[in-house]
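Visitor: Below: one structure in structure tokens.
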Amino acid sequence: MKFTRRKAIIGGIVGGGFLGVGFWFARERDRLGNRTLFNLKPGEAGLNGWVKISRDNSVVVAVPRAEMGQGIQTALAMLVAEEMDARWDQVRVEDPPEDAVYRNVDILVDGLPFSPEEAGTVVDVAHWMAGKLGGVLGVNATGGSTSTRDAWVPMRTAGAVARDLLLRAASRKASIPIADLVAVDGEIRRRDGAKVVTFGELVDSIGDLAVRPPPPLKEPSEFKLIGTSPPRTDVPAKVTGTATFGVDVRLPHLLYAAVRNAPSFGGAANGFKLKQGALPEGVEKVVIVPGGIAAIGKSWWRANKFLDEEVEVQWQDGPEPKLDSATLWKRYEQLLETGEPALTRTFGSESRPDKVQTLTATYRAPYLAHTPMEPMNCTAHVREHEIGRQGVEVWMPNQSSTLMRLVAARTAGVSQSDVTVHTTFLGGGFGRRAEVDLVRQAVTCALAMPDRPIQVLWSREEDIRHDVYRPMALARWRADLDVGGSTPKLTGVAKRQVAQSPTDQFPARVIGLPAQGKPEGNAVENPPYAFASYRLDAIVADGSVPVGFWRSVGHSHTAFFDESFIDELAHALAKDPLALRRELLAGKPRYLKVLDTVAREAGWGTPLPAGSGRGMALRASFGSIVAQVAEVAVTDGKTLQVKRVTCAIDCGPVVNPATVRAQMESGIIYGLSAALYGEITLAGGAVEQGNFPDYDAVRLADAPVMAVHLVDSGSSAIGGIGEPGTPPIAPAVANAIFAATGKRLRSLPLRLS
Amino acid sequence: MIPLTVNGQARQVDAEPDKPLLWVLREDLNVVGPKFGCGIAVCGACTVHVEGQPVRSCSIAVGDVAGKSVITIEGLAGGESTLHAVQRAWIENQVPQCGYCQPGFIMAAAALLKGKPRPSDQDIDDALNNICRCGTYSAIRRAVHRAAAILGGAL
């Protein structure tokens, strides 16, 4: 393993015997929280910051992550319930207050320069250091497929500590030695099975018992709940129409605001004129907000129509008001040839054979919008007479309550302790809801009309035209084949790629940090393949188009480039794409097991009718390894149907298999919508698409039959599941199209004609 | 005032007649189960039943449903404790992810099964052309077949 400079620095800081026996517990204790932290109500007793019991015998688990469909409420509650030995049907979830113990450490760790397969002391220490950093920043965020990875130890520890407290409380209450007691199914029992007391009956018996260091966590063989698929906590409300999303927030005297954002990126509204000279009935105020203009009234529909028909806005252009896609691609092509890389990575040593054949291929990926089903919204209430005392309240489907609170406070000019953020269910997130544009606009509206709660809602057109986009990207792969012998041999490979960097833009956009010019980490991860030599030159494009986190971020385009090229290499070397991958992964049993599983389950190599083909792709991302085989049928040379997708995933220990399967299917459909239809283009400085007819999504009729296989390689490192299903699908389909037709599609979306 | 019946209750609405039914439900009647997704009758998140037929409520004026019966996701179940067969099947199959589009899918599925008690996959594809960005489609297909079985008398 190469010892990079960054690792040397981290290693140096913690060198000299710092790592002691108490280190592990010190780290987890930091995240336990005290017994009064978690919103205690009458009849409830807190056991630590993560769990409380109630006299009605429910076990209430703190879930500080946003539920956007990924099943995180269920998965995280399972971690606590497992170690506590609670019964699943007594478990409820609740949002905890904003506090540093609920911070997401892994989302910061993912920003560190380690590849997923690395483990050991250095990574462990970096983890701890980022934890300290997380404590300082207090980041409560949901993203990067980190939630379960982050919670895996702290929340199980919280459950184990809680069980220990309950056992001691029962021992004291019933005067039975603790050694004779066990926790089973929400009760404390004698070892012979006789019930002593239920958890709920211990609410008044915890008293002054001190929290002790946690007993050892369960071995996987002892799990009863983890590894099963109990009913999700959020499903009943979602099938009866009672789940509250951001748009469903209803408050006394609520007003609604519609918004028009400046046509070109970075633009603003300078002023406006009412065509009728006065505000019509139903519209109470027009407010200039950051990036645009808002109309506030009793009906969103009326306010939105008013903006369309009755207002003339004087727009201030952004920096590139004439930008169009063709010009941008030309700029990128030039950068690909002559741009200075912001990052160069190499491994192996380059050696040029005497007789060499060079294979090059250039790939393209467009900008993409997120289009979560719930259009962007935020509700804010500024209590004028109370500023300085929790004066700003925000209700919002968001992926980082910490950031929303920070930006709400800055917008209102109050301190963060005067802001309360309520996170509702998210009608889809996909990375879009980490952004702060809506909270800025909503608080601005609320400041203009103090003491009235105001719900800002964007139309679908505003959502598509004013997103932060998955970056468009251009890449050129090159491989040298030694053709001196009887069969060609692969020597070195190299890739140059051009894209904007969401991780560079995001801190600048959100909190005004200066851009560093660094590429986004996921876009520059090393491939798992043992190439003789590898070189990556990553060029960071600048430009005014806002780019952001889009499900799997850089993997969403680089997996297409990399896995398409592996397929091209296989054909150039006259090898089966599976065989070439197996060769290049020879020393990596986890990858091989995933590949072999997907190949076997997909019937790789078995015959298909004419016009049909199978394609394969593999991608490790967010701590998990995923391989997919797509089977396509092409009729008349132009009609494409993706008939079947087989998926294998190794995500380490599986908390909830049904959720893993659902997230793989979800990632596949999300990636397939992009692969088949997704393209945001620019003309005259503005986005050309506006609603689902021109920014379409896969429907039931286009959805392939999917089979997901969970691979257990015995790894104890837990991986993410929200994003890793997305990257492989585009290259798997492109490679299948090649197998079916001989046509190599190197641009997304995949168009046959 | 425009009269209409929503989930069995007679209501009078003081709204412009061209205001879409969706916004009357959400803003004037506090019935927020039907969701806004696209505003142009494409995504189906706003689907409700008008006189038993599935309708995209974002694109029908309240004036055009005057005097008619509107059923939303909130009124689909027979009573507080009796879920509709489609809702039962949705829970059994753990269909929802983010859940935002599900009221629309459930209403569309319930309407489909009224007309076609044993729908084929093709029937389901044709009737349920709503959009789900979480990709719950395979679970939806299973759940529609299961709901058909429940309505046909299966336990």
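Following the order of the structure tokens, chains are lettered A, B, ..., residues in each are numbered from 1, and ligands are numbered from 1.
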Find the spatial neighbours of Ser59 (chain B), counting only C-alpha atoms, within a cut-off of 9 Å - ignore same-chain residues fewer than 3 positions away - and output them as a count of residues only.
Guide: 8
Visitor: Please provide the set of residues having any atom within 9 Å of Ile124 (chain B), restricted to only C-alpha atoms, with same-chain residues fewer than 3 positions apart removed, written as a PyMOL selection string.
Guide: (chain A and resi 700-701) or (chain B and resi 109+112+119-121+127-129+141+144)
Visitor: Write out, as a compact mmCIF listing (two decimals), in the first residue's frame, the residues just selected, with C-alpha atoms.
Guide:
```txt
# COMPACT_ATOMS: atom_id res chain seq x y z
CA LEU A 700 -44.10 1.01 -15.08
CA ALA A 701 -44.34 0.00 -18.74
CA ALA B 109 -54.96 1.06 -9.00
CA LEU B 112 -58.39 -0.02 -12.47
CA PRO B 119 -55.88 -7.15 -14.77
CA SER B 120 -53.01 -8.39 -16.91
CA ASP B 121 -49.53 -6.83 -16.68
CA ALA B 127 -53.63 2.27 -16.43
CA LEU B 128 -50.75 3.14 -14.11
CA ASN B 129 -48.62 5.46 -16.21
CA ARG B 141 -47.04 -4.53 -9.96
CA VAL B 144 -51.87 -4.67 -7.81
```
Visitor: Once DSSP has gone over the backbone, tell me which residues of chain B are in helix (DSSP H, G or I), as a PyMOL selection string.
Guide: chain B and resi 21-28+57-59+62-65+73-75+85-92+102-115+121-127+137-151
Visitor: Atoms to include: C-alpha atoms. Write the selected residues as a compact mmCIF listing (two decimals), in the first residue's frame.
Guide:
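Below you can see result_1.txt, which holds the result:
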```
# COMPACT_ATOMS: atom_id res chain seq x y z
CA LEU B 21 -59.62 20.66 -8.08
CA LEU B 22 -56.20 19.73 -6.65
CA TRP B 23 -55.67 23.20 -5.22
CA VAL B 24 -59.21 23.44 -3.93
CA LEU B 25 -58.66 20.17 -2.07
CA ARG B 26 -55.25 21.15 -0.72
CA GLU B 27 -55.80 24.85 0.01
CA ASP B 28 -59.52 25.32 0.62
CA SER B 57 -57.02 16.70 -10.22
CA CYS B 58 -54.32 19.26 -11.09
CA SER B 59 -55.85 19.68 -14.52
CA VAL B 62 -63.40 22.82 -9.73
CA GLY B 63 -66.24 24.37 -11.73
CA ASP B 64 -66.32 21.19 -13.82
CA VAL B 65 -66.83 18.94 -10.80
CA ILE B 73 -56.78 8.74 -0.69
CA GLU B 74 -58.20 9.87 2.67
CA GLY B 75 -61.63 8.55 1.74
CA ALA B 85 -57.80 -3.96 -0.55
CA VAL B 86 -55.29 -1.88 -2.52
CA GLN B 87 -53.97 -0.28 0.66
CA ARG B 88 -53.72 -3.68 2.34
CA ALA B 89 -51.81 -5.05 -0.62
CA TRP B 90 -49.54 -1.99 -0.57
CA ILE B 91 -48.70 -2.62 3.08
CA GLU B 92 -48.18 -6.36 2.59
CA GLN B 102 -48.21 6.57 -3.74
CA PRO B 103 -51.63 8.20 -3.14
CA GLY B 104 -51.85 8.74 -6.90
CA PHE B 105 -50.81 5.16 -7.69
CA ILE B 106 -53.18 3.72 -5.10
CA MET B 107 -56.14 5.72 -6.45
CA ALA B 108 -55.28 4.72 -10.03
CA ALA B 109 -54.96 1.06 -9.00
CA ALA B 110 -58.27 1.09 -7.12
CA ALA B 111 -60.02 2.53 -10.19
CA LEU B 112 -58.39 -0.02 -12.47
CA LEU B 113 -59.53 -2.94 -10.32
CA LYS B 114 -63.10 -1.69 -10.32
CA GLY B 115 -63.21 -1.98 -14.10
CA ASP B 121 -49.53 -6.83 -16.68
CA GLN B 122 -50.40 -4.93 -19.85
CA ASP B 123 -53.59 -3.56 -18.27
CA ILE B 124 -51.56 -2.41 -15.27
CA ASP B 125 -48.92 -0.75 -17.48
CA ASP B 126 -51.61 1.09 -19.42
CA ALA B 127 -53.63 2.27 -16.43
CA TYR B 137 -42.58 -0.24 -9.95
CA SER B 138 -41.96 -3.93 -9.40
CA ALA B 139 -43.49 -3.71 -5.91
CA ILE B 140 -46.47 -1.81 -7.38
CA ARG B 141 -47.04 -4.53 -9.96
CA ARG B 142 -46.95 -7.24 -7.28
CA ALA B 143 -49.27 -5.25 -5.06
CA VAL B 144 -51.87 -4.67 -7.81
CA HIS B 145 -52.04 -8.41 -8.48
CA ARG B 146 -52.29 -9.07 -4.76
CA ALA B 147 -55.08 -6.50 -4.39
CA ALA B 148 -56.94 -8.22 -7.23
CA ALA B 149 -56.61 -11.50 -5.35
CA ILE B 150 -57.88 -9.93 -2.11
CA LEU B 151 -60.87 -8.43 -3.91
```
Visitor: Nearest to Val32 (chain B) among A:Leu682, A:Ile669, A:Leu536, A:Val247, with distances taken over only C-alpha atoms: which residue is it?
Guide: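 Smallest separation from Val32 (chain B) among the options: A:Val247.
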Visitor: At what distance in Å, to one decimal, does CA of Gly79 (chain B) lie from CA of Leu4 (chain B)?
Guide: 20.7 Å
Visitor: Compare B:Gln53, B:Gln9, B:Thr47, B:Gln97 by their minimum atom-to-atom distance to chain A, counting only C-alpha atoms, and give me the closest one.
Guide: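 With only C-alpha atoms as the atom set, the closest residue is B:Gln97.
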Visitor: Which residue, B:Ser69, B:Ser81, B:Ala61, B:Ile131, has the smallest gap to chain A when you use only C-alpha atoms?
Guide: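 Residue with the minimum atom-to-atom distance to chain A: B:Ile131.
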Visitor: Go through B:Ala77, B:Ala154, B:Val13, B:Leu29 and flag the residue nearest chain A, using only C-alpha atoms for the distances.
Guide: B:Ala77
Visitor: Give me the residues near Gln689 (chain A) as a short mmCIF file (atom, residue, chain, number, x, y, z; two decimals) with C-alpha atoms, in the first residue's frame, where near means some atom within 10 Å (using only C-alpha atoms) and where sequence neighbours in that chain fewer than 6 positions away do not count.
Guide:
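The result, stored in part06.cif:
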```
data_model
loop_
_atom_site.label_atom_id
_atom_site.label_comp_id
_atom_site.auth_asym_id
_atom_site.auth_seq_id
_atom_site.Cartn_x
_atom_site.Cartn_y
_atom_site.Cartn_z
CA ALA A 369 -31.79 17.36 -12.96
CA GLU A 461 -40.71 24.07 -14.29
CA ILE A 464 -36.08 21.59 -13.57
CA ARG A 465 -34.76 24.98 -14.71
CA GLU A 679 -30.51 15.38 -20.59
CA ILE A 680 -30.53 19.00 -19.51
CA THR A 681 -29.44 21.34 -22.30
CA LEU A 682 -28.88 25.08 -22.36
CA TYR A 695 -37.38 15.49 -18.92
CA ASP A 696 -38.94 12.08 -18.73
#
```
Visitor: Name the residues in contact with Ala268 (chain A) at a cut-off of 8 Å, using only C-alpha atoms, excluding same-chain residues fewer than 3 positions from it; report them as a count of residues only.
Guide: 9
